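**Student:** Contents are mmCIF, C-alpha atoms; file name coords15.cif:
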```cif
data_start
loop_
_atom_site.label_atom_id
_atom_site.label_comp_id
_atom_site.auth_asym_id
_atom_site.auth_seq_id
_atom_site.Cartn_x
_atom_site.Cartn_y
_atom_site.Cartn_z
CA MET A 1 -27.10 -19.69 10.85
CA ARG A 2 -24.03 -19.26 8.71
CA ASN A 3 -20.72 -20.40 10.10
CA LYS A 4 -17.79 -18.09 10.43
CA ARG A 5 -14.32 -19.09 9.34
CA LYS A 6 -12.59 -18.57 12.64
CA GLY A 7 -9.72 -16.26 13.28
CA ILE A 8 -7.96 -15.20 10.11
CA ALA A 9 -6.09 -11.90 10.42
CA THR A 10 -4.05 -10.23 7.70
CA LEU A 11 -1.05 -8.15 8.71
CA THR A 12 1.39 -5.92 6.85
CA LEU A 13 4.97 -6.26 8.06
CA LEU A 14 8.19 -4.92 6.57
CA LEU A 15 7.96 -6.02 2.89
CA ALA A 16 5.27 -8.60 3.53
CA PHE A 17 1.55 -9.09 3.69
CA VAL A 18 0.93 -11.80 6.28
CA LEU A 19 -2.05 -14.02 7.01
CA VAL A 20 -2.39 -15.15 10.64
CA ILE A 21 -4.81 -17.21 12.69
CA SER A 22 -6.35 -15.39 15.64
CA ALA A 23 -7.13 -17.32 18.80
CA CYS A 24 -9.68 -14.74 19.93
CA SER A 25 -12.34 -14.46 17.24
CA GLN A 26 -15.87 -15.56 17.92
CA SER A 27 -18.07 -17.93 15.94
CA ASN A 28 -21.73 -17.18 16.59
CA SER A 29 -22.32 -18.14 20.24
CA ASN A 30 -19.12 -20.18 20.49
CA THR A 31 -16.06 -18.28 21.71
CA SER A 32 -12.56 -19.63 21.25
CA SER A 33 -10.10 -19.67 24.11
CA ASN A 34 -7.07 -17.38 24.11
CA ASN A 35 -4.54 -20.17 23.76
CA GLY A 36 -2.61 -19.45 20.58
CA GLY A 37 -4.84 -21.38 18.27
CA ASN A 38 -6.56 -24.31 20.03
CA GLN A 39 -10.06 -23.13 19.28
CA THR A 40 -13.48 -24.38 20.23
CA GLY A 41 -16.81 -24.07 18.45
CA ASN A 42 -18.20 -25.61 15.29
CA ALA A 43 -16.07 -24.63 12.33
CA PRO A 44 -17.23 -25.52 8.81
CA ALA A 45 -15.74 -28.64 7.30
CA ALA A 46 -12.85 -27.64 5.07
CA PRO A 47 -12.97 -28.80 1.45
CA ALA A 48 -10.61 -31.63 0.49
CA ASP A 49 -8.88 -29.25 -1.91
CA PRO A 50 -7.33 -26.38 0.11
CA PHE A 51 -8.22 -24.07 -2.80
CA GLY A 52 -11.67 -25.58 -3.21
CA LYS A 53 -15.18 -24.36 -2.43
CA TYR A 54 -16.83 -24.74 0.97
CA THR A 55 -20.05 -26.75 0.98
CA GLU A 56 -21.63 -24.51 3.60
CA PRO A 57 -21.36 -20.70 3.42
CA VAL A 58 -18.50 -19.21 5.43
CA THR A 59 -18.39 -15.62 6.70
CA LEU A 60 -15.12 -13.69 6.86
CA ALA A 61 -15.31 -10.40 8.76
CA VAL A 62 -12.47 -8.00 8.02
CA GLY A 63 -11.19 -4.69 9.33
CA GLN A 64 -10.45 -2.37 6.44
CA LYS A 65 -8.67 0.89 5.79
CA VAL A 66 -11.11 2.90 3.67
CA ASP A 67 -10.22 6.33 2.33
CA PRO A 68 -13.45 8.39 2.18
CA ALA A 69 -11.93 10.42 -0.66
CA ASP A 70 -11.38 7.34 -2.84
CA LYS A 71 -14.06 7.25 -5.54
CA SER A 72 -12.49 4.49 -7.63
CA LEU A 73 -15.15 1.81 -7.05
CA PRO A 74 -17.75 1.43 -9.79
CA ALA A 75 -21.24 2.73 -9.09
CA GLY A 76 -23.10 0.40 -6.73
CA ASP A 77 -19.97 -1.31 -5.38
CA THR A 78 -18.80 -0.94 -1.77
CA PRO A 79 -15.68 -2.04 0.17
CA ASP A 80 -17.49 -5.26 1.16
CA ASN A 81 -19.46 -5.79 -2.06
CA ASN A 82 -17.36 -5.52 -5.21
CA GLN A 83 -15.91 -7.63 -8.00
CA PHE A 84 -13.33 -9.18 -5.68
CA THR A 85 -15.73 -10.14 -2.87
CA ARG A 86 -18.16 -11.52 -5.42
CA TYR A 87 -15.38 -13.59 -7.00
CA ILE A 88 -14.49 -15.02 -3.57
CA LYS A 89 -18.15 -15.83 -2.93
CA ASP A 90 -18.64 -17.51 -6.31
CA ASN A 91 -15.44 -19.56 -6.18
CA LEU A 92 -14.99 -20.31 -2.46
CA ASN A 93 -18.48 -19.79 -0.96
CA ILE A 94 -17.01 -17.23 1.45
CA ASP A 95 -18.97 -14.10 2.32
CA VAL A 96 -16.68 -11.14 3.09
CA SER A 97 -18.11 -8.46 5.38
CA ASN A 98 -16.70 -5.48 7.27
CA ALA A 99 -16.08 -5.89 10.99
CA PHE A 100 -14.97 -2.26 10.93
CA THR A 101 -13.71 0.40 8.55
CA ALA A 102 -11.41 3.29 9.38
CA SER A 103 -9.81 6.14 7.47
CA PRO A 104 -6.05 6.00 6.78
CA THR A 105 -5.51 8.56 9.56
CA ASN A 106 -7.44 6.57 12.19
CA TYR A 107 -6.72 3.02 11.08
CA ASP A 108 -3.72 2.24 13.31
CA GLN A 109 -5.60 3.50 16.39
CA LYS A 110 -8.59 1.30 15.50
CA VAL A 111 -6.38 -1.76 15.08
CA SER A 112 -4.58 -1.13 18.38
CA LEU A 113 -7.93 -0.80 20.14
CA SER A 114 -9.10 -4.05 18.57
CA ILE A 115 -6.00 -5.84 19.83
CA SER A 116 -6.07 -4.37 23.34
CA SER A 117 -9.77 -5.17 23.79
CA ASN A 118 -9.31 -8.66 22.31
CA ASP A 119 -12.17 -7.88 19.92
CA LEU A 120 -10.50 -9.04 16.72
CA PRO A 121 -12.01 -9.26 13.27
CA ASP A 122 -11.14 -12.30 11.18
CA ALA A 123 -8.77 -10.25 9.02
CA MET A 124 -6.99 -6.92 9.29
CA VAL A 125 -3.74 -5.22 8.32
CA VAL A 126 -1.32 -4.37 11.13
CA ASN A 127 2.24 -3.11 11.52
CA ALA A 128 5.24 -4.91 12.99
CA GLN A 129 4.71 -3.70 16.55
CA GLN A 130 1.05 -4.71 16.50
CA MET A 131 1.91 -8.16 15.23
CA ARG A 132 4.48 -8.65 18.00
CA LEU A 133 1.87 -7.57 20.56
CA MET A 134 -0.64 -10.08 19.17
CA TYR A 135 1.96 -12.81 19.45
CA ASP A 136 2.83 -11.85 23.02
CA ASN A 137 -0.90 -11.82 23.87
CA GLY A 138 -1.39 -15.36 22.55
CA GLN A 139 -3.72 -14.10 19.82
CA LEU A 140 -2.01 -15.95 16.98
CA ALA A 141 -1.99 -19.64 16.06
CA ASP A 142 0.87 -21.76 14.75
CA LEU A 143 0.56 -21.91 10.95
CA THR A 144 3.66 -24.01 10.30
CA GLU A 145 1.84 -27.19 9.31
CA ALA A 146 -0.84 -25.34 7.36
CA PHE A 147 1.79 -23.41 5.39
CA ASN A 148 3.95 -26.43 4.65
CA SER A 149 0.96 -28.51 3.55
CA ASN A 150 -1.24 -25.99 1.74
CA ALA A 151 0.72 -22.93 0.56
CA SER A 152 0.74 -22.78 -3.21
CA PRO A 153 3.96 -23.57 -5.10
CA ALA A 154 3.85 -20.07 -6.60
CA LEU A 155 3.74 -18.42 -3.16
CA LYS A 156 6.56 -20.61 -1.85
CA ARG A 157 8.68 -19.74 -4.90
CA VAL A 158 8.15 -15.99 -4.38
CA LEU A 159 9.07 -16.27 -0.70
CA GLU A 160 12.19 -18.29 -1.48
CA GLU A 161 13.34 -15.53 -3.82
CA SER A 162 13.49 -13.15 -0.83
CA ASN A 163 16.27 -15.32 0.70
CA LYS A 164 13.77 -16.32 3.42
CA ARG A 165 13.70 -12.76 4.79
CA ALA A 166 9.93 -12.56 4.36
CA MET A 167 9.43 -15.77 6.34
CA ASP A 168 11.85 -14.59 9.03
CA THR A 169 9.60 -11.59 9.72
CA VAL A 170 6.67 -13.86 10.62
CA THR A 171 8.52 -16.68 12.38
CA PHE A 172 8.62 -16.66 16.18
CA ASP A 173 10.38 -19.32 18.26
CA GLY A 174 10.68 -21.48 15.18
CA LYS A 175 6.95 -21.33 14.40
CA ILE A 176 5.32 -19.64 11.43
CA MET A 177 2.74 -17.33 12.99
CA ALA A 178 1.69 -15.66 9.74
CA LEU A 179 1.69 -16.20 6.00
CA PRO A 180 3.79 -13.55 4.25
CA GLN A 181 3.76 -12.54 0.63
CA ALA A 182 6.88 -10.64 -0.36
CA GLU A 183 5.94 -7.48 -2.24
CA ASP A 184 7.96 -5.76 -4.94
CA ALA A 185 5.27 -3.45 -6.35
CA GLY A 186 6.40 -0.33 -4.51
CA ILE A 187 9.12 0.83 -6.91
CA HIS A 188 8.19 4.33 -8.06
CA GLU A 189 8.14 5.47 -11.63
CA MET A 190 7.95 9.01 -12.96
CA TRP A 191 4.52 9.64 -14.56
CA ILE A 192 4.44 12.60 -16.97
CA ARG A 193 1.96 14.27 -19.31
CA LYS A 194 3.74 13.50 -22.59
CA ASP A 195 1.33 15.77 -24.48
CA TRP A 196 2.48 18.67 -22.30
CA LEU A 197 6.12 17.82 -23.01
CA ASP A 198 5.41 17.80 -26.74
CA LYS A 199 3.51 21.07 -26.64
CA LEU A 200 6.36 22.82 -24.83
CA GLY A 201 9.12 21.19 -26.88
CA LEU A 202 10.62 19.30 -23.95
CA GLU A 203 12.12 15.84 -23.48
CA PRO A 204 11.38 13.51 -20.54
CA PRO A 205 13.74 14.43 -17.68
CA LYS A 206 16.74 12.20 -17.01
CA THR A 207 18.50 14.30 -14.36
CA MET A 208 17.42 16.50 -11.47
CA ALA A 209 18.25 19.57 -13.57
CA ASP A 210 15.96 18.24 -16.31
CA LEU A 211 13.26 17.55 -13.74
CA GLU A 212 13.35 21.11 -12.43
CA LYS A 213 13.27 22.51 -15.98
CA VAL A 214 10.19 20.46 -16.88
CA ALA A 215 8.43 21.21 -13.59
CA ASP A 216 9.06 24.93 -14.12
CA ALA A 217 7.62 24.79 -17.63
CA PHE A 218 4.58 22.82 -16.49
CA THR A 219 3.96 25.39 -13.74
CA ASN A 220 4.61 28.63 -15.61
CA GLN A 221 4.11 28.09 -19.36
CA ASP A 222 0.37 27.29 -19.47
CA PRO A 223 0.69 23.72 -20.79
CA ASP A 224 -3.08 23.17 -20.75
CA GLY A 225 -3.60 26.28 -22.88
CA ASN A 226 -6.44 27.80 -20.86
CA GLY A 227 -4.71 31.15 -20.39
CA LYS A 228 -4.55 30.75 -16.61
CA LYS A 229 -1.68 30.04 -14.22
CA ASP A 230 -3.40 27.08 -12.61
CA THR A 231 -1.20 24.08 -13.41
CA ILE A 232 0.99 22.05 -11.04
CA GLY A 233 4.48 20.89 -11.94
CA ILE A 234 4.86 17.98 -9.52
CA ALA A 235 2.11 16.47 -7.33
CA GLY A 236 2.96 15.70 -3.71
CA PRO A 237 1.58 13.32 -1.07
CA SER A 238 -1.82 13.99 0.43
CA SER A 239 -2.36 15.10 4.03
CA SER A 240 -2.43 11.44 5.14
CA GLY A 241 0.53 10.40 2.96
CA LYS A 242 4.29 10.40 3.45
CA MET A 243 7.19 12.13 1.70
CA TYR A 244 8.98 8.78 1.52
CA ALA A 245 8.44 5.16 2.42
CA ASN A 246 10.28 3.46 5.29
CA PHE A 247 11.43 -0.01 6.25
CA LEU A 248 8.31 -0.69 8.34
CA ASP A 249 5.89 0.52 5.69
CA SER A 250 7.56 0.21 2.30
CA ALA A 251 4.51 -0.49 0.19
CA ASN A 252 3.32 1.91 -2.46
CA ASN A 253 3.88 5.37 -1.00
CA LEU A 254 1.67 7.22 -3.48
CA TYR A 255 2.88 10.60 -4.75
CA GLY A 256 5.91 10.52 -2.44
CA PHE A 257 9.34 11.79 -3.45
CA ASP A 258 11.30 8.55 -3.09
CA PRO A 259 12.89 8.84 -6.60
CA ILE A 260 14.14 12.35 -5.81
CA PHE A 261 15.76 11.11 -2.60
CA SER A 262 17.34 8.17 -4.40
CA ALA A 263 18.68 10.55 -7.10
CA TYR A 264 20.93 11.90 -4.32
CA GLY A 265 21.77 8.44 -3.00
CA ALA A 266 19.46 9.08 -0.04
CA TYR A 267 17.22 6.44 1.51
CA PRO A 268 15.46 8.01 4.52
CA GLY A 269 13.44 5.63 6.64
CA TYR A 270 15.73 2.68 5.89
CA TRP A 271 18.76 1.16 7.54
CA VAL A 272 21.67 1.25 5.07
CA LYS A 273 25.48 1.10 5.08
CA ASP A 274 27.30 4.40 5.40
CA ALA A 275 30.49 5.39 3.55
CA ASP A 276 32.54 3.25 5.96
CA GLY A 277 30.31 0.21 5.56
CA ASN A 278 28.71 0.58 8.99
CA PRO A 279 24.94 0.36 9.65
CA ALA A 280 23.34 3.80 9.58
CA TYR A 281 19.80 5.17 9.54
CA GLY A 282 19.22 6.75 6.15
CA SER A 283 17.29 9.70 7.55
CA THR A 284 20.39 10.97 9.35
CA LEU A 285 22.88 10.80 6.47
CA PRO A 286 24.18 13.85 4.54
CA GLN A 287 22.58 12.67 1.30
CA THR A 288 19.13 12.99 2.86
CA LYS A 289 19.86 16.54 3.95
CA GLU A 290 20.91 17.38 0.40
CA ALA A 291 17.73 15.87 -1.07
CA LEU A 292 15.55 17.72 1.44
CA GLY A 293 17.30 20.94 0.46
CA LYS A 294 16.42 20.37 -3.19
CA LEU A 295 12.79 19.58 -2.32
CA ARG A 296 12.59 22.77 -0.25
CA ASP A 297 13.98 24.67 -3.23
CA LEU A 298 11.47 23.17 -5.64
CA TYR A 299 8.60 23.85 -3.24
CA SER A 300 9.66 27.45 -2.60
CA LYS A 301 9.65 28.04 -6.37
CA GLY A 302 6.11 26.70 -6.60
CA LEU A 303 7.13 23.71 -8.71
CA ILE A 304 5.69 21.20 -6.21
CA ASP A 305 1.97 21.37 -5.45
CA PRO A 306 1.65 24.21 -2.89
CA GLN A 307 -1.42 22.52 -1.38
CA MET A 308 0.03 19.04 -0.97
CA ALA A 309 -0.04 19.20 2.84
CA ILE A 310 -3.77 19.94 2.97
CA ARG A 311 -5.09 17.87 0.07
CA THR A 312 -7.09 14.85 1.15
CA ASP A 313 -6.58 13.25 -2.25
CA SER A 314 -3.64 14.17 -4.47
CA GLY A 315 -5.24 12.25 -7.32
CA GLU A 316 -7.92 14.94 -7.69
CA SER A 317 -5.51 17.38 -9.34
CA ILE A 318 -4.40 14.63 -11.72
CA VAL A 319 -7.94 13.67 -12.72
CA SER A 320 -8.90 17.33 -13.20
CA GLY A 321 -5.96 17.85 -15.58
CA GLN A 322 -4.04 20.33 -13.42
CA THR A 323 -0.94 18.22 -12.70
CA GLY A 324 1.81 17.30 -15.15
CA MET A 325 4.04 14.97 -13.15
CA PHE A 326 4.02 12.65 -10.12
CA PHE A 327 5.83 9.63 -8.67
CA ALA A 328 4.02 6.34 -7.98
CA PRO A 329 4.13 2.59 -8.76
CA TRP A 330 3.37 1.08 -12.15
CA TRP A 331 -0.22 0.24 -11.33
CA MET A 332 -1.24 3.90 -11.12
CA GLY A 333 -2.19 3.45 -14.77
CA TYR A 334 -5.21 1.60 -13.39
CA GLY A 335 -5.92 4.27 -10.76
CA PRO A 336 -6.48 8.00 -11.21
CA LEU A 337 -5.11 7.98 -14.75
CA THR A 338 -8.09 6.06 -16.11
CA ASP A 339 -10.36 8.81 -14.79
CA ALA A 340 -7.96 11.50 -16.01
CA VAL A 341 -8.12 10.16 -19.56
CA LYS A 342 -11.90 9.89 -19.35
CA GLN A 343 -12.00 13.57 -18.41
CA ASN A 344 -9.55 14.48 -21.18
CA PRO A 345 -8.89 11.82 -23.87
CA LYS A 346 -5.91 13.88 -25.11
CA ALA A 347 -4.07 13.48 -21.81
CA ASN A 348 -1.12 11.27 -22.76
CA TRP A 349 0.28 9.95 -19.50
CA GLN A 350 3.54 8.02 -19.81
CA ALA A 351 5.76 6.33 -17.20
CA TYR A 352 9.56 6.61 -17.14
CA ALA A 353 12.26 5.09 -14.99
#
```
Kindly return the structure encoded in the file as structure tokens.
**Tutor:**
Amino acid sequence: MRNKRKGIATLTLLLAFVLVISACSQSNSNTSSNNGGNQTGNAPAAPADPFGKYTEPVTLAVGQKVDPADKSLPAGDTPDNNQFTRYIKDNLNIDVSNAFTASPTNYDQKVSLSISSNDLPDAMVVNAQQMRLMYDNGQLADLTEAFNSNASPALKRVLEESNKRAMDTVTFDGKIMALPQAEDAGIHEMWIRKDWLDKLGLEPPKTMADLEKVADAFTNQDPDGNGKKDTIGIAGPSSSGKMYANFLDSANNLYGFDPIFSAYGAYPGYWVKDADGNPAYGSTLPQTKEALGKLRDLYSKGLIDPQMAIRTDSGESIVSGQTGMFFAPWWMGYGPLTDAVKQNPKANWQAYA
């Protein structure tokens, strides 16, 4: 029988992805004890090179968040059989399989159930509270030696650039209980149909007044030229998305309105300094109220997607050519926009700060 690499769990915390060792995963008929990492059972011999290939096949069972509305995988690929899992198999001799999958709406509940029942996959993404609970339950192993000996120089350099804040989030009682990777990919850009701007004689918006003017034109001046009032000025988050990111979940809030909030100096969901230099929760500050008022105004005028609260996938309106503007990270050029251009090669999507 194939061996299982025992007890690797991946967690998302603050601005970090973290890799932790679980003391509760099972390897075939051998069960490890719940002792914070002193495991039993026959683990495969690790290669001499920490980035090398295992001699014997290793199985890694993961818990994944899978959006049923996401159709981005190529035909024939699945969440546990795709170009990335095949690359891992070819280069490391590790077979990746799904211990469970859950929709974005149900994922946190599934993870909490996995932790409470001590039925952990080898890898899964969790939030800060779930990670603390795993630590308190003795479900994590000490990774200090493994990190110091085997973490790549590139990873260590990235973590050092965060002034050690990323490592602080995964260090308990002086021990590294997870392997973080500081993330900076969540900065939103403004994606716009440049061909619509050109058709209507408009420039890319630089102010909120410009933004409203462009959104109004995209909504009411038939930019797609089909003679129907069926276009959307600004896309919004899907039914499972958020209007803005927060300090516990800052990564890649797709189609959220973070840039609009920041245009007013508002940072809801984060702890910031107020006008007097004192710590304050951004959601409660006057700037946030002002930004929410503008969003309400834009929505009441029909300039923000009227169906954003009930859409399961905001990308659908982008792919279909209905939407002219949205906010998302740089890598959205590899997401729905590839399909949008396939549908309409004349769709000229451009990103602006």
**Student:** Kindly give the distance, in Å, that separates CA of Tyr255 in chain A and CA of Ala275 in chain A, rounded to a single decimal.
**Tutor:**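 Separating CA of Tyr255 in chain A from CA of Ala275 in chain A is a distance of 29.3 Å.
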**Student:** Given the file shown, determine the residues that the PyMOL selection byres ((chain A and resi 317-319) around 9) selects; report them as a PyMOL selection string.
**Tutor:** chain A and resi 231-232+235+313-316+320-326+336-344
**Student:** Could you pull out every residue with an atom within 7 Å of (-8.1, 2.8, 3.2), file coordinates, counting all atoms listed in the file, and send them as a PyMOL selection string?
**Tutor:** chain A and resi 64-67+103-104
**Student:** Expand the PyMOL selection byres ((chain A and resi 210-214) around 10) into the explicit residue set it covers here, and present it as a list in words.
**Tutor:**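 Residues picked by the PyMOL selection byres ((chain A and resi 210-214) around 10): Ile192, Trp196, Leu197, Leu200, Leu202, Glu203, Pro204, Pro205, Lys206, Thr207, Met208, Ala209, Ala215, Asp216, Ala217, Phe218, Thr219, Asn220, Gly233, Ile234, Ile260, Lys294, Asp297, Leu298, Lys301, Leu303, Ile304, Gly324 and Met325 of chain A.
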**Student:** Which one is closest to Asp80 in chain A: A:Ala154, A:Leu120, A:Ile176, A:Leu60? Count all atoms listed in the file.
**Tutor:** A:Leu60
**Student:** Applying the PyMOL selection byres ((chain A and resi 130) around 12) to the file I just gave you, which residues come out? Please list them as a PDB file with C-alpha atoms, keeping the file's coordinate frame.
**Tutor:**
```pdb
ATOM      1  CA  ALA A   9      -6.090 -11.900  10.420  1.00  0.00           C
ATOM      2  CA  THR A  10      -4.050 -10.230   7.700  1.00  0.00           C
ATOM      3  CA  LEU A  11      -1.050  -8.150   8.710  1.00  0.00           C
ATOM      4  CA  THR A  12       1.390  -5.920   6.850  1.00  0.00           C
ATOM      5  CA  LEU A  13       4.970  -6.260   8.060  1.00  0.00           C
ATOM      6  CA  ASP A 108      -3.720   2.240  13.310  1.00  0.00           C
ATOM      7  CA  GLN A 109      -5.600   3.500  16.390  1.00  0.00           C
ATOM      8  CA  LYS A 110      -8.590   1.300  15.500  1.00  0.00           C
ATOM      9  CA  VAL A 111      -6.380  -1.760  15.080  1.00  0.00           C
ATOM     10  CA  SER A 112      -4.580  -1.130  18.380  1.00  0.00           C
ATOM     11  CA  LEU A 113      -7.930  -0.800  20.140  1.00  0.00           C
ATOM     12  CA  SER A 114      -9.100  -4.050  18.570  1.00  0.00           C
ATOM     13  CA  ILE A 115      -6.000  -5.840  19.830  1.00  0.00           C
ATOM     14  CA  SER A 116      -6.070  -4.370  23.340  1.00  0.00           C
ATOM     15  CA  MET A 124      -6.990  -6.920   9.290  1.00  0.00           C
ATOM     16  CA  VAL A 125      -3.740  -5.220   8.320  1.00  0.00           C
ATOM     17  CA  VAL A 126      -1.320  -4.370  11.130  1.00  0.00           C
ATOM     18  CA  ASN A 127       2.240  -3.110  11.520  1.00  0.00           C
ATOM     19  CA  ALA A 128       5.240  -4.910  12.990  1.00  0.00           C
ATOM     20  CA  GLN A 129       4.710  -3.700  16.550  1.00  0.00           C
ATOM     21  CA  MET A 131       1.910  -8.160  15.230  1.00  0.00           C
ATOM     22  CA  ARG A 132       4.480  -8.650  18.000  1.00  0.00           C
ATOM     23  CA  LEU A 133       1.870  -7.570  20.560  1.00  0.00           C
ATOM     24  CA  MET A 134      -0.640 -10.080  19.170  1.00  0.00           C
ATOM     25  CA  TYR A 135       1.960 -12.810  19.450  1.00  0.00           C
ATOM     26  CA  ASP A 136       2.830 -11.850  23.020  1.00  0.00           C
ATOM     27  CA  ASN A 137      -0.900 -11.820  23.870  1.00  0.00           C
ATOM     28  CA  GLN A 139      -3.720 -14.100  19.820  1.00  0.00           C
ATOM     29  CA  LEU A 140      -2.010 -15.950  16.980  1.00  0.00           C
ATOM     30  CA  LEU A 248       8.310  -0.690   8.340  1.00  0.00           C
TER      31      LEU A 248
END
```
**Student:** To one decimal place in Å, what is the distance between CA of Lys229 in chain A and CA of Gln307 in chain A?
**Tutor:**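 According to the coordinates, CA of Lys229 in chain A and CA of Gln307 in chain A are separated by 14.9 Å.
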**Student:** Which residues are close to Ser283 in chain A, i.e. within 10 Å by all atoms listed in the file, leaving aside same-chain residues fewer than 5 positions away? Reply as a PyMOL selection string.
**Tutor:** chain A and resi 246+266-272+288-289
**Student:** Edge lengths and centre in Å to one decimal, as AutoDock Vina command-line options, is what I'm after for the box along x, y and z that holds all listed atoms of range 111-119 of chain A once 4 Å is added on each side.
**Tutor:**
```
--center_x -8.4 --center_y -4.7 --center_z 19.4 --size_x 15.6 --size_y 15.9 --size_z 16.7
```
**Student:** Would you list the contacts of range 143-147 of chain A as a list in words, taking every protein, DNA or RNA residue within 7 Å and counting all atoms listed in the file, but skipping same-chain residues closer than 3 positions in sequence?
**Tutor:**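 My list of contacting residues is Asn150, Ala151, Lys175, Ile176, Met177 and Ala178 of chain A.
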**Student:** Ranking A:Leu254, A:Glu161, A:Lys53, A:Tyr281 by minimum distance to Tyr87 in chain A and counting only C-alpha atoms, which one comes first?
**Tutor:**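 Selected residue with least distance to Tyr87 in chain A: A:Lys53.
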**Student:** Just to confirm, what's the straight-line distance from CA of Ala328 in chain A to CA of Met190 in chain A in Å (one decimal)?
**Tutor:**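 Computing it gives 6.9 Å between the two atoms.
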**Student:** With all atoms listed in the file as the basis for distance, which of A:Lys156, A:Arg311, A:Ala347, A:Met167 is at the shortest distance from Ser239 in chain A?
**Tutor:** A:Arg311
**Student:** May I ask which of the residues A:Ala99, A:Ile310, A:Leu179, A:Val158 is the closest one to Thr59 in chain A, counting all atoms listed in the file?
**Tutor:**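 Closest to Thr59 in chain A, using all atoms listed in the file: A:Ala99.
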